[in-house]
$ cat upload_19.tsv   # TSV, C-alpha atoms
chain	number	residue	atom	x	y	z
A	1	MET	CA	35.68	-35.39	13.60
A	2	HIS	CA	39.17	-36.84	13.00
A	3	LYS	CA	41.98	-34.26	13.46
A	4	HIS	CA	43.39	-34.98	9.97
A	5	TYR	CA	40.07	-34.12	8.30
A	6	VAL	CA	39.70	-31.00	10.42
A	7	THR	CA	43.10	-29.79	9.20
A	8	ILE	CA	42.14	-30.43	5.56
A	9	LEU	CA	38.82	-28.64	6.01
A	10	ILE	CA	40.44	-25.55	7.57
A	11	CYS	CA	43.01	-25.35	4.81
A	12	SER	CA	40.36	-25.68	2.15
A	13	LEU	CA	38.35	-22.87	3.68
A	14	LEU	CA	41.43	-20.61	3.84
A	15	ILE	CA	42.19	-21.27	0.18
A	16	LEU	CA	38.58	-20.59	-0.80
A	17	SER	CA	38.57	-17.39	1.23
A	18	SER	CA	41.76	-16.19	-0.42
A	19	SER	CA	40.51	-16.95	-3.94
A	20	CYS	CA	37.36	-14.97	-3.29
A	21	ALA	CA	39.04	-12.01	-1.67
A	22	ASN	CA	39.45	-10.07	-4.88
A	23	LYS	CA	35.90	-10.58	-6.10
A	24	LYS	CA	33.65	-7.53	-6.06
A	25	LYS	CA	31.34	-7.46	-3.08
A	26	PRO	CA	27.82	-6.03	-3.25
A	27	THR	CA	27.51	-2.40	-2.24
A	28	VAL	CA	25.81	-1.91	1.10
A	29	LEU	CA	24.28	1.49	1.76
A	30	LEU	CA	24.58	2.58	5.37
A	31	SER	CA	21.76	4.61	6.82
A	32	ALA	CA	22.84	7.87	8.41
A	33	ILE	CA	20.42	7.60	11.31
A	34	GLU	CA	19.62	3.87	11.52
A	35	THR	CA	20.24	2.48	14.98
A	36	THR	CA	19.54	-0.73	16.80
A	37	ALA	CA	16.91	1.11	18.81
A	38	ASN	CA	15.17	2.26	15.63
A	39	ARG	CA	15.06	-1.29	14.31
A	40	GLU	CA	13.72	-2.68	17.54
A	41	THR	CA	10.81	-0.24	17.65
A	42	VAL	CA	9.34	-1.51	14.37
A	43	ARG	CA	6.64	-4.05	15.09
A	44	SER	CA	7.69	-7.40	13.72
A	45	THR	CA	4.85	-9.06	11.80
A	46	PRO	CA	5.33	-12.78	11.08
A	47	VAL	CA	4.50	-14.02	7.59
A	48	ASN	CA	1.30	-15.66	8.77
A	49	GLU	CA	0.05	-12.66	10.77
A	50	PHE	CA	-2.90	-10.71	9.44
A	51	TYR	CA	-2.35	-7.05	8.56
A	52	TYR	CA	-4.87	-4.53	9.87
A	53	GLY	CA	-3.99	-1.39	7.94
A	54	ALA	CA	-5.02	2.20	7.34
A	55	ASP	CA	-4.26	4.41	4.36
A	56	LEU	CA	-3.32	7.68	6.07
A	57	SER	CA	-2.15	9.61	3.01
A	58	TYR	CA	-4.49	12.52	3.73
A	59	VAL	CA	-3.59	13.03	7.40
A	60	ASN	CA	-0.88	15.69	6.98
A	61	GLU	CA	-3.16	17.77	4.77
A	62	MET	CA	-6.15	17.34	7.08
A	63	GLU	CA	-4.14	18.50	10.09
A	64	ASP	CA	-2.93	21.53	8.14
A	65	CYS	CA	-6.64	22.18	7.54
A	66	ASP	CA	-7.19	22.14	11.34
A	67	ALA	CA	-8.73	18.68	11.57
A	68	LYS	CA	-8.80	17.25	15.09
A	69	TYR	CA	-8.95	13.58	15.99
A	70	TYR	CA	-10.26	12.00	19.19
A	71	ASP	CA	-10.06	8.44	20.44
A	72	GLU	CA	-12.97	6.45	21.87
A	73	THR	CA	-12.62	8.27	25.21
A	74	ASN	CA	-13.00	11.61	23.37
A	75	THR	CA	-9.36	12.50	24.09
A	76	GLU	CA	-7.63	14.47	21.33
A	77	LYS	CA	-4.61	12.59	20.03
A	78	ASP	CA	-2.26	12.21	17.09
A	79	PRO	CA	-4.24	10.09	14.60
A	80	TYR	CA	-1.22	7.80	14.14
A	81	GLU	CA	-1.31	7.16	17.88
A	82	ILE	CA	-5.03	6.47	17.74
A	83	PHE	CA	-4.60	3.84	15.03
A	84	SER	CA	-1.57	2.26	16.66
A	85	ASN	CA	-3.27	2.07	20.04
A	86	ALA	CA	-6.34	0.57	18.41
A	87	GLY	CA	-4.22	-2.24	16.97
A	88	ALA	CA	-3.35	-1.15	13.40
A	89	ASN	CA	-0.05	-2.65	12.29
A	90	LEU	CA	0.32	-1.25	8.77
A	91	VAL	CA	0.09	2.22	7.19
A	92	ARG	CA	-0.32	2.70	3.44
A	93	LEU	CA	0.88	5.92	1.79
A	94	ARG	CA	0.57	7.13	-1.79
A	95	LEU	CA	3.41	8.85	-3.65
A	96	TRP	CA	2.99	11.06	-6.71
A	97	HIS	CA	5.93	11.87	-8.97
A	98	ASN	CA	5.76	15.68	-9.22
A	99	PRO	CA	2.24	16.89	-8.35
A	100	GLU	CA	2.42	20.64	-8.98
A	101	TRP	CA	-1.27	20.98	-8.07
A	102	THR	CA	-0.73	19.97	-4.41
A	103	ASP	CA	1.92	20.00	-1.70
A	104	TYR	CA	0.90	16.56	-0.45
A	105	SER	CA	1.81	12.98	-1.36
A	106	THR	CA	5.15	14.33	-2.57
A	107	LEU	CA	8.32	12.58	-1.44
A	108	GLU	CA	8.91	15.11	1.34
A	109	ASP	CA	5.34	14.75	2.55
A	110	VAL	CA	5.61	10.96	2.44
A	111	LYS	CA	8.80	11.14	4.51
A	112	ARG	CA	6.86	12.95	7.24
A	113	SER	CA	4.22	10.24	7.17
A	114	ILE	CA	6.62	7.28	7.19
A	115	LYS	CA	8.44	8.79	10.15
A	116	ARG	CA	5.16	9.07	12.04
A	117	ALA	CA	4.18	5.50	11.21
A	118	LYS	CA	7.52	4.13	12.36
A	119	GLU	CA	7.45	6.20	15.55
A	120	HIS	CA	4.17	4.46	16.35
A	121	HIS	CA	5.54	1.01	15.52
A	122	MET	CA	3.54	0.37	12.36
A	123	LYS	CA	4.90	-1.07	9.14
A	124	VAL	CA	4.64	0.88	5.88
A	125	LEU	CA	3.31	0.07	2.41
A	126	LEU	CA	4.49	2.70	-0.09
A	127	ASP	CA	2.20	3.11	-3.10
A	128	PHE	CA	4.01	4.43	-6.19
A	129	HIS	CA	1.32	5.90	-8.46
A	130	TYR	CA	3.87	6.61	-11.24
A	131	SER	CA	1.87	9.72	-12.06
A	132	ASP	CA	1.62	13.37	-11.05
A	133	ASP	CA	-2.04	12.81	-10.19
A	134	TRP	CA	-4.47	10.08	-9.20
A	135	ALA	CA	-3.80	6.81	-11.01
A	136	ASP	CA	-6.77	4.43	-11.16
A	137	PRO	CA	-8.45	1.95	-13.54
A	138	SER	CA	-9.66	4.73	-15.83
A	139	LYS	CA	-6.35	6.58	-16.13
A	140	GLN	CA	-2.65	5.91	-15.73
A	141	GLU	CA	-1.33	9.32	-16.74
A	142	ILE	CA	2.42	9.38	-17.37
A	143	PRO	CA	4.39	11.93	-15.28
A	144	ALA	CA	4.93	15.14	-17.24
A	145	ALA	CA	8.71	14.79	-16.86
A	146	TRP	CA	8.62	11.49	-18.75
A	147	SER	CA	5.97	12.28	-21.36
A	148	ASN	CA	8.40	12.90	-24.21
A	149	GLN	CA	9.58	9.28	-23.86
A	150	ILE	CA	6.14	7.72	-23.97
A	151	ASN	CA	6.85	5.85	-27.22
A	152	ASP	CA	10.35	4.76	-26.20
A	153	THR	CA	9.58	1.82	-23.97
A	154	GLN	CA	13.19	1.00	-23.14
A	155	THR	CA	14.04	4.55	-22.05
A	156	LEU	CA	10.79	4.80	-20.14
A	157	GLY	CA	11.73	1.61	-18.33
A	158	TYR	CA	15.07	3.10	-17.33
A	159	LEU	CA	13.32	6.22	-16.01
A	160	LEU	CA	10.87	4.14	-13.99
A	161	TYR	CA	13.66	1.95	-12.61
A	162	ASP	CA	15.86	4.91	-11.68
A	163	TYR	CA	13.03	6.83	-10.03
A	164	THR	CA	11.92	3.83	-7.98
A	165	SER	CA	15.40	2.81	-6.86
A	166	THR	CA	16.57	6.37	-6.17
A	167	THR	CA	13.50	7.05	-4.07
A	168	LEU	CA	13.98	3.88	-2.03
A	169	ARG	CA	17.68	4.54	-1.49
A	170	GLU	CA	16.94	8.05	-0.27
A	171	LEU	CA	14.34	6.74	2.13
A	172	TYR	CA	16.78	4.13	3.39
A	173	GLN	CA	19.49	6.71	4.00
A	174	GLU	CA	17.04	8.59	6.23
A	175	GLY	CA	15.89	5.50	8.10
A	176	LEU	CA	12.52	5.52	6.34
A	177	LEU	CA	12.62	2.42	4.15
A	178	PRO	CA	9.13	0.97	3.60
A	179	ASP	CA	8.40	-2.67	4.33
A	180	MET	CA	6.33	-3.13	1.16
A	181	VAL	CA	6.13	-1.34	-2.17
A	182	GLN	CA	3.27	-1.15	-4.64
A	183	VAL	CA	4.54	-1.01	-8.22
A	184	GLY	CA	1.67	1.13	-9.47
A	185	ASN	CA	-1.82	1.92	-8.21
A	186	GLU	CA	-4.91	0.13	-9.57
A	187	ILE	CA	-3.01	-0.78	-12.73
A	188	ASN	CA	-5.98	-2.45	-14.44
A	189	SER	CA	-5.10	-0.68	-17.69
A	190	MET	CA	-1.72	-0.12	-19.33
A	191	ILE	CA	0.58	2.01	-17.18
A	192	LEU	CA	2.35	5.26	-18.14
A	193	ARG	CA	-0.10	6.41	-20.81
A	194	LYS	CA	-1.64	9.75	-21.86
A	195	GLY	CA	-5.34	10.45	-21.71
A	196	PRO	CA	-8.13	7.88	-21.14
A	197	ARG	CA	-7.37	4.22	-20.57
A	198	ALA	CA	-6.31	2.14	-23.54
A	199	ASP	CA	-8.93	-0.25	-24.92
A	200	SER	CA	-6.46	-3.10	-24.62
A	201	ILE	CA	-3.12	-3.76	-22.97
A	202	ASN	CA	0.09	-4.02	-24.97
A	203	TRP	CA	1.56	-6.68	-22.73
A	204	VAL	CA	5.03	-6.52	-24.26
A	205	ARG	CA	5.28	-2.88	-23.16
A	206	ASN	CA	3.29	-3.29	-19.95
A	207	ALA	CA	5.21	-6.32	-18.69
A	208	TYR	CA	8.55	-4.69	-19.44
A	209	LEU	CA	7.69	-1.55	-17.47
A	210	ILE	CA	6.16	-3.36	-14.51
A	211	ASN	CA	9.13	-5.71	-14.32
A	212	LYS	CA	11.51	-2.72	-14.33
A	213	GLY	CA	9.70	-1.40	-11.28
A	214	ILE	CA	9.93	-4.79	-9.60
A	215	ASP	CA	13.63	-5.07	-10.48
A	216	ALA	CA	14.29	-1.70	-8.86
A	217	VAL	CA	12.73	-2.82	-5.57
A	218	ARG	CA	14.56	-6.15	-5.64
A	219	ASP	CA	17.91	-4.52	-6.38
A	220	VAL	CA	17.62	-1.97	-3.58
A	221	SER	CA	16.48	-4.68	-1.19
A	222	GLU	CA	19.61	-6.66	-2.01
A	223	GLU	CA	21.90	-3.63	-1.77
A	224	VAL	CA	20.69	-2.54	1.65
A	225	ARG	CA	20.12	-6.08	2.89
A	226	LYS	CA	16.57	-5.36	3.94
A	227	ASP	CA	13.48	-7.28	2.87
A	228	ILE	CA	11.02	-5.20	0.85
A	229	ASP	CA	7.92	-7.00	-0.37
A	230	VAL	CA	6.54	-6.19	-3.83
A	231	MET	CA	2.81	-5.80	-4.44
A	232	LEU	CA	0.79	-5.43	-7.65
A	233	HIS	CA	-2.58	-3.73	-7.18
A	234	ILE	CA	-5.77	-4.20	-9.20
A	235	ALA	CA	-9.19	-2.67	-8.56
A	236	GLN	CA	-11.97	-5.20	-7.89
A	237	PRO	CA	-11.46	-8.99	-7.76
A	238	GLU	CA	-13.31	-9.72	-11.01
A	239	ASN	CA	-10.73	-7.62	-12.88
A	240	ALA	CA	-7.87	-9.17	-10.94
A	241	LEU	CA	-8.79	-12.69	-12.02
A	242	THR	CA	-8.19	-11.77	-15.66
A	243	TRP	CA	-5.32	-9.33	-15.12
A	244	PHE	CA	-3.10	-11.62	-13.06
A	245	ARG	CA	-3.68	-14.50	-15.46
A	246	GLU	CA	-2.53	-12.32	-18.36
A	247	ALA	CA	0.37	-10.92	-16.33
A	248	LYS	CA	1.56	-14.44	-15.54
A	249	ALA	CA	1.37	-15.42	-19.20
A	250	ASN	CA	3.59	-12.43	-19.98
A	251	LYS	CA	6.19	-13.28	-17.31
A	252	VAL	CA	5.18	-10.79	-14.65
A	253	THR	CA	5.68	-13.20	-11.76
A	254	ASP	CA	8.36	-11.85	-9.39
A	255	PHE	CA	6.10	-10.24	-6.82
A	256	ASP	CA	4.96	-11.19	-3.32
A	257	TRP	CA	1.49	-9.72	-2.91
A	258	ILE	CA	-1.74	-9.47	-4.83
A	259	GLY	CA	-3.31	-6.18	-3.72
A	260	LEU	CA	-7.01	-5.53	-4.36
A	261	SER	CA	-9.39	-2.64	-4.09
A	262	TYR	CA	-12.75	-4.01	-2.98
A	263	TYR	CA	-15.79	-1.79	-2.80
A	264	PRO	CA	-19.07	-3.73	-3.12
A	265	LYS	CA	-20.63	-0.72	-4.87
A	266	TRP	CA	-18.25	-1.11	-7.81
A	267	SER	CA	-17.76	-4.89	-7.77
A	268	THR	CA	-19.75	-7.74	-9.27
A	269	TYR	CA	-18.87	-9.76	-6.16
A	270	GLY	CA	-20.92	-9.32	-3.03
A	271	LEU	CA	-19.73	-10.50	0.37
A	272	ASP	CA	-21.60	-13.76	-0.21
A	273	SER	CA	-19.64	-14.57	-3.38
A	274	LEU	CA	-16.25	-12.99	-2.71
A	275	GLN	CA	-14.37	-15.81	-0.99
A	276	PRO	CA	-14.08	-18.22	-3.97
A	277	ALA	CA	-12.61	-15.43	-6.12
A	278	LEU	CA	-9.97	-14.69	-3.50
A	279	GLU	CA	-9.18	-18.39	-3.15
A	280	THR	CA	-8.73	-18.66	-6.91
A	281	LEU	CA	-6.31	-15.73	-7.00
A	282	ILE	CA	-4.22	-17.14	-4.16
A	283	GLY	CA	-4.27	-20.68	-5.52
A	284	ASP	CA	-3.53	-19.85	-9.14
A	285	HIS	CA	-0.59	-17.56	-8.39
A	286	SER	CA	0.78	-18.77	-5.04
A	287	LYS	CA	0.98	-15.20	-3.72
A	288	LYS	CA	-0.10	-13.50	-0.52
A	289	LEU	CA	-3.26	-11.43	-0.87
A	290	MET	CA	-4.44	-8.25	0.81
A	291	ILE	CA	-7.42	-5.96	0.35
A	292	VAL	CA	-5.53	-2.65	0.21
A	293	GLU	CA	-8.59	-0.44	-0.27
A	294	THR	CA	-12.05	-0.78	1.20
A	295	ALA	CA	-14.47	1.37	3.21
A	296	TYR	CA	-18.09	1.50	4.35
A	297	PRO	CA	-20.35	4.44	5.29
A	298	TYR	CA	-21.35	4.89	8.92
A	299	THR	CA	-23.93	7.52	7.89
A	300	LEU	CA	-25.56	8.89	4.73
A	301	SER	CA	-25.33	12.47	5.98
A	302	ASP	CA	-23.02	14.90	4.19
A	303	ASN	CA	-21.13	17.45	6.29
A	304	ASP	CA	-20.05	19.69	3.42
A	305	SER	CA	-20.48	20.60	-0.24
A	306	ALA	CA	-18.18	17.81	-1.43
A	307	ASN	CA	-20.48	15.00	-2.53
A	308	ASN	CA	-20.19	11.63	-0.79
A	309	LEU	CA	-18.68	8.99	-3.08
A	310	LEU	CA	-20.16	6.19	-0.97
A	311	ASP	CA	-23.87	7.01	-0.97
A	312	GLU	CA	-26.95	4.83	-0.45
A	313	SER	CA	-25.98	2.69	-3.45
A	314	ALA	CA	-22.92	1.53	-1.49
A	315	LEU	CA	-25.02	-0.21	1.17
A	316	ILE	CA	-25.31	-3.98	1.52
A	317	GLU	CA	-28.41	-5.68	2.88
A	318	GLY	CA	-27.89	-6.37	6.55
A	319	TYR	CA	-25.26	-3.66	6.92
A	320	PRO	CA	-26.98	-0.30	7.52
A	321	ALA	CA	-25.19	3.06	7.32
A	322	THR	CA	-24.51	3.14	11.04
A	323	GLN	CA	-21.38	2.87	13.13
A	324	GLN	CA	-22.32	-0.71	14.02
A	325	GLY	CA	-23.04	-1.47	10.35
A	326	GLN	CA	-19.60	-0.14	9.42
A	327	LEU	CA	-17.91	-2.34	12.03
A	328	ASP	CA	-19.96	-5.39	11.07
A	329	TYR	CA	-18.96	-4.93	7.41
A	330	LEU	CA	-15.25	-4.84	8.32
A	331	ILE	CA	-15.48	-7.89	10.54
A	332	ALA	CA	-17.38	-9.83	7.87
A	333	LEU	CA	-14.85	-8.88	5.21
A	334	LYS	CA	-11.96	-9.79	7.51
A	335	ASP	CA	-13.44	-13.24	8.11
A	336	ILE	CA	-13.89	-13.79	4.37
A	337	VAL	CA	-10.32	-12.75	3.56
A	338	LYS	CA	-8.91	-14.90	6.36
A	339	ASP	CA	-10.99	-17.94	5.39
A	340	ALA	CA	-9.80	-17.56	1.80
A	341	GLY	CA	-6.18	-17.60	2.95
A	342	GLY	CA	-5.61	-13.86	2.59
A	343	SER	CA	-3.37	-11.83	4.87
A	344	GLY	CA	-4.72	-8.35	5.40
A	345	ILE	CA	-7.18	-5.49	4.98
A	346	ILE	CA	-6.40	-1.79	4.68
A	347	TYR	CA	-9.12	0.80	5.22
A	348	TRP	CA	-8.85	3.57	2.63
A	349	GLU	CA	-8.55	7.11	4.01
A	350	PRO	CA	-10.25	6.61	7.39
A	351	ALA	CA	-9.07	10.08	8.49
A	352	TRP	CA	-10.20	12.11	5.43
A	353	THR	CA	-12.65	14.12	7.50
A	354	SER	CA	-14.55	17.28	6.56
A	355	THR	CA	-12.62	20.55	6.92
A	356	SER	CA	-12.72	24.05	5.46
A	357	CYS	CA	-10.20	23.02	2.80
A	358	LYS	CA	-11.22	22.18	-0.75
A	359	THR	CA	-10.64	19.45	-3.26
A	360	ARG	CA	-10.83	20.21	-6.97
A	361	TRP	CA	-14.47	19.13	-6.82
A	362	GLY	CA	-15.82	20.76	-3.66
A	363	GLN	CA	-15.20	22.08	-0.15
A	364	GLY	CA	-14.57	19.44	2.49
A	365	SER	CA	-14.26	15.69	2.02
A	366	HIS	CA	-15.87	13.28	-0.41
A	367	TRP	CA	-15.34	10.54	2.20
A	368	ASP	CA	-16.55	12.17	5.43
A	369	ASN	CA	-19.44	9.70	5.82
A	370	ALA	CA	-17.12	6.72	5.39
A	371	THR	CA	-14.24	7.69	7.67
A	372	LEU	CA	-13.51	6.04	11.02
A	373	PHE	CA	-14.15	9.38	12.74
A	374	ASP	CA	-17.55	10.98	13.15
A	375	ALA	CA	-18.54	14.56	12.34
A	376	ASN	CA	-16.94	15.71	15.61
A	377	GLY	CA	-13.69	13.88	14.97
A	378	LYS	CA	-14.33	11.09	17.47
A	379	ALA	CA	-13.44	7.52	16.54
A	380	THR	CA	-16.44	5.52	15.34
A	381	LEU	CA	-17.25	1.98	16.39
A	382	GLY	CA	-15.58	0.94	13.15
A	383	MET	CA	-12.22	1.71	14.77
A	384	ASN	CA	-12.77	-1.38	16.92
A	385	PHE	CA	-11.98	-3.44	13.81
A	386	TYR	CA	-8.29	-2.98	14.59
A	387	TYR	CA	-8.73	-4.54	18.01
A	388	ASN	CA	-8.65	-7.90	16.24
A	389	ALA	CA	-4.93	-7.36	15.64
A	390	LEU	CA	-4.35	-7.17	19.39
A	391	THR	CA	-6.50	-10.18	20.23
A	392	GLY	CA	-5.32	-12.32	17.30
A	393	GLU	CA	-8.88	-13.08	16.26

$ encode --input "upload_19.tsv" --output "structure tokens"
Amino acid sequence: MHKHYVTILICSLLILSSSCANKKKPTVLLSAIETTANRETVRSTPVNEFYYGADLSYVNEMEDCDAKYYDETNTEKDPYEIFSNAGANLVRLRLWHNPEWTDYSTLEDVKRSIKRAKEHHMKVLLDFHYSDDWADPSKQEIPAAWSNQINDTQTLGYLLYDYTSTTLRELYQEGLLPDMVQVGNEINSMILRKGPRADSINWVRNAYLINKGIDAVRDVSEEVRKDIDVMLHIAQPENALTWFREAKANKVTDFDWIGLSYYPKWSTYGLDSLQPALETLIGDHSKKLMIVETAYPYTLSDNDSANNLLDESALIEGYPATQQGQLDYLIALKDIVKDAGGSGIIYWEPAWTSTSCKTRWGQGSHWDNATLFDANGKATLGMNFYYNALTGE
């Protein structure tokens, strides 16, 4: 470059720099314990890599109930270590607002879990239920602390935004920022309501609230200069086809992931008809897609008085309730999701084993026949599903 033009360019840059010096710069929050070493231990997952995940929300409670976990060699280990060694690269964790009925899935409990996931080099998907209890297609119960604002949509939006952003900032300050965030859990019906699901969705209200949650994640991501993906989660693909079309029409578009619950027992789509539905969702909305909840029974036996949610009616022809049947189901589903252009599968509560502790509906676990650990706490053949993450298959 000619010396004269170089001189002009340098001067121009100096003038531009000076004129911008007094402009307000974005606030950057500095983590108290973040270090280069901490960052380097997190497994980097390229955009096109497939996520092999596990929802481990129950693990802390199960361990407090004396649950023991053993790998395929029958060696007792930390369950996070077992999943990481097997090849899992993502942990999903639920967060309730103020669940006075339990000490788990609170923010402090979630911090324990995120720390464990990061120590074992797995990424984290944080699932905001925006409720003090289970949120699902049949109910989206507003947190008690917000209930007096249920008819004031604008104020409710501010509360949701503040709670989401404050939570994420606190996690960042402690070096526990998640890699992905679910804005709601199985939000098939209108969020932040009282009582049974509404017959229809008021999309003016619903879109405003969901977008406030998304805005909170985006703003914190910008402040701390860390990427945080946003996911919206619907139960069963047949419901998602309608829901995401309506969401798009109402300007709910600034998200990265379509998250689905897929249990053949509760879906109109079998494995043989699932792929076109997934392809439609990806194609119509140009988003990444992940099955964030699925499971399959490895036995029909019940180890306790808590009834099994996945009973004989959950079985698919060709996939018996055996350890091999469980593994075959996961491999088949993985192939379908991959062929459709999807990017991940998360097994729901693979460590919710039977213990002496109780749920509100019985002693033990309602999932003990569908975990990835047998009645003695040893990893089932289904755990081999995660090996695909190591082999790249």

$ residues_around --input "upload_19.tsv" --residues "Ser131 in chain A" --least-positions-apart "3" --cutoff "8 Å" --atoms "all atoms listed in the file" --output "VMD selection string"
chain A and resid 96 to 98 134 to 135 140 to 143 192

$ residues_near_point --input "upload_19.tsv" --point "(8.5, 7.0, -6.0)" --cutoff "9 Å" --atoms "all atoms listed in the file" --output "PDB file with C-alpha atoms, keeping the file's coordinate frame"
ATOM      1  CA  ARG A  94       0.570   7.130  -1.790  1.00  0.00           C
ATOM      2  CA  LEU A  95       3.410   8.850  -3.650  1.00  0.00           C
ATOM      3  CA  TRP A  96       2.990  11.060  -6.710  1.00  0.00           C
ATOM      4  CA  HIS A  97       5.930  11.870  -8.970  1.00  0.00           C
ATOM      5  CA  THR A 106       5.150  14.330  -2.570  1.00  0.00           C
ATOM      6  CA  LEU A 107       8.320  12.580  -1.440  1.00  0.00           C
ATOM      7  CA  LEU A 126       4.490   2.700  -0.090  1.00  0.00           C
ATOM      8  CA  ASP A 127       2.200   3.110  -3.100  1.00  0.00           C
ATOM      9  CA  PHE A 128       4.010   4.430  -6.190  1.00  0.00           C
ATOM     10  CA  HIS A 129       1.320   5.900  -8.460  1.00  0.00           C
ATOM     11  CA  TYR A 130       3.870   6.610 -11.240  1.00  0.00           C
ATOM     12  CA  LEU A 160      10.870   4.140 -13.990  1.00  0.00           C
ATOM     13  CA  TYR A 163      13.030   6.830 -10.030  1.00  0.00           C
ATOM     14  CA  THR A 164      11.920   3.830  -7.980  1.00  0.00           C
ATOM     15  CA  SER A 165      15.400   2.810  -6.860  1.00  0.00           C
ATOM     16  CA  THR A 166      16.570   6.370  -6.170  1.00  0.00           C
ATOM     17  CA  THR A 167      13.500   7.050  -4.070  1.00  0.00           C
ATOM     18  CA  LEU A 168      13.980   3.880  -2.030  1.00  0.00           C
TER      19      LEU A 168
END

$ residues_around --input "upload_19.tsv" --residues "range 355-359 of chain A" --least-positions-apart "6" --cutoff "8 Å" --atoms "all atoms listed in the file" --output "compact mmCIF listing (two decimals) with C-alpha atoms, in the frame of the given file"
# COMPACT_ATOMS: atom_id res chain seq x y z
CA MET A 62 -6.15 17.34 7.08
CA CYS A 65 -6.64 22.18 7.54
CA ASP A 66 -7.19 22.14 11.34
CA ALA A 67 -8.73 18.68 11.57
CA ALA A 306 -18.18 17.81 -1.43
CA SER A 365 -14.26 15.69 2.02

$ atom_distance --input "upload_19.tsv" --atom1 "CA of Lys251 in chain A" --atom2 "CA of Val337 in chain A"
26.6 Å

$ closest_residue --input "upload_19.tsv" --among "A:Met180, A:Leu93, A:Ile191, A:Val204" --to "Ile114 in chain A" --atoms "all atoms listed in the file"
A:Leu93

$ atom_distance --input "upload_19.tsv" --atom1 "CA of Lys77 in chain A" --atom2 "CA of Leu310 in chain A"
26.9 Å

$ closest_residue --input "upload_19.tsv" --among "A:Glu293, A:Asp152, A:Glu49, A:Glu246" --to "Ile201 in chain A" --atoms "only C-alpha atoms"
A:Glu246

$ residues_around --input "upload_19.tsv" --residues "Phe83 in chain A" --least-positions-apart "4" --cutoff "9 Å" --atoms "only C-alpha atoms" --output "ChimeraX atom specification"
/A:53-54,71,78-79,87-89,120,383,386

$ residues_around --input "upload_19.tsv" --residues "Leu281 in chain A" --least-positions-apart "4" --cutoff "10 Å" --atoms "only C-alpha atoms" --output "JSON list (two decimals) with C-alpha atoms, in the coordinates of the input"
[["chain", "number", "residue", "atom", "x", "y", "z"],
["A", 237, "PRO", "CA", -11.46, -8.99, -7.76],
["A", 240, "ALA", "CA", -7.87, -9.17, -10.94],
["A", 241, "LEU", "CA", -8.79, -12.69, -12.02],
["A", 242, "THR", "CA", -8.19, -11.77, -15.66],
["A", 244, "PHE", "CA", -3.10, -11.62, -13.06],
["A", 245, "ARG", "CA", -3.68, -14.50, -15.46],
["A", 258, "ILE", "CA", -1.74, -9.47, -4.83],
["A", 276, "PRO", "CA", -14.08, -18.22, -3.97],
["A", 277, "ALA", "CA", -12.61, -15.43, -6.12],
["A", 285, "HIS", "CA", -0.59, -17.56, -8.39],
["A", 286, "SER", "CA", 0.78, -18.77, -5.04],
["A", 287, "LYS", "CA", 0.98, -15.20, -3.72],
["A", 288, "LYS", "CA", -0.10, -13.50, -0.52],
["A", 289, "LEU", "CA", -3.26, -11.43, -0.87],
["A", 340, "ALA", "CA", -9.80, -17.56, 1.80],
["A", 342, "GLY", "CA", -5.61, -13.86, 2.59]]

$ residues_around --input "upload_19.tsv" --residues "Leu260 in chain A" --least-positions-apart "5" --cutoff "7 Å" --atoms "only C-alpha atoms" --output "tab-separated table (two decimals) with C-alpha atoms, keeping the file's coordinate frame"
chain	number	residue	atom	x	y	z
A	233	HIS	CA	-2.58	-3.73	-7.18
A	234	ILE	CA	-5.77	-4.20	-9.20
A	235	ALA	CA	-9.19	-2.67	-8.56
A	236	GLN	CA	-11.97	-5.20	-7.89
A	237	PRO	CA	-11.46	-8.99	-7.76
A	290	MET	CA	-4.44	-8.25	0.81
A	291	ILE	CA	-7.42	-5.96	0.35
A	292	VAL	CA	-5.53	-2.65	0.21
A	293	GLU	CA	-8.59	-0.44	-0.27

$ atom_distance --input "upload_19.tsv" --atom1 "CA of Leu330 in chain A" --atom2 "CA of Tyr69 in chain A"
20.9 Å
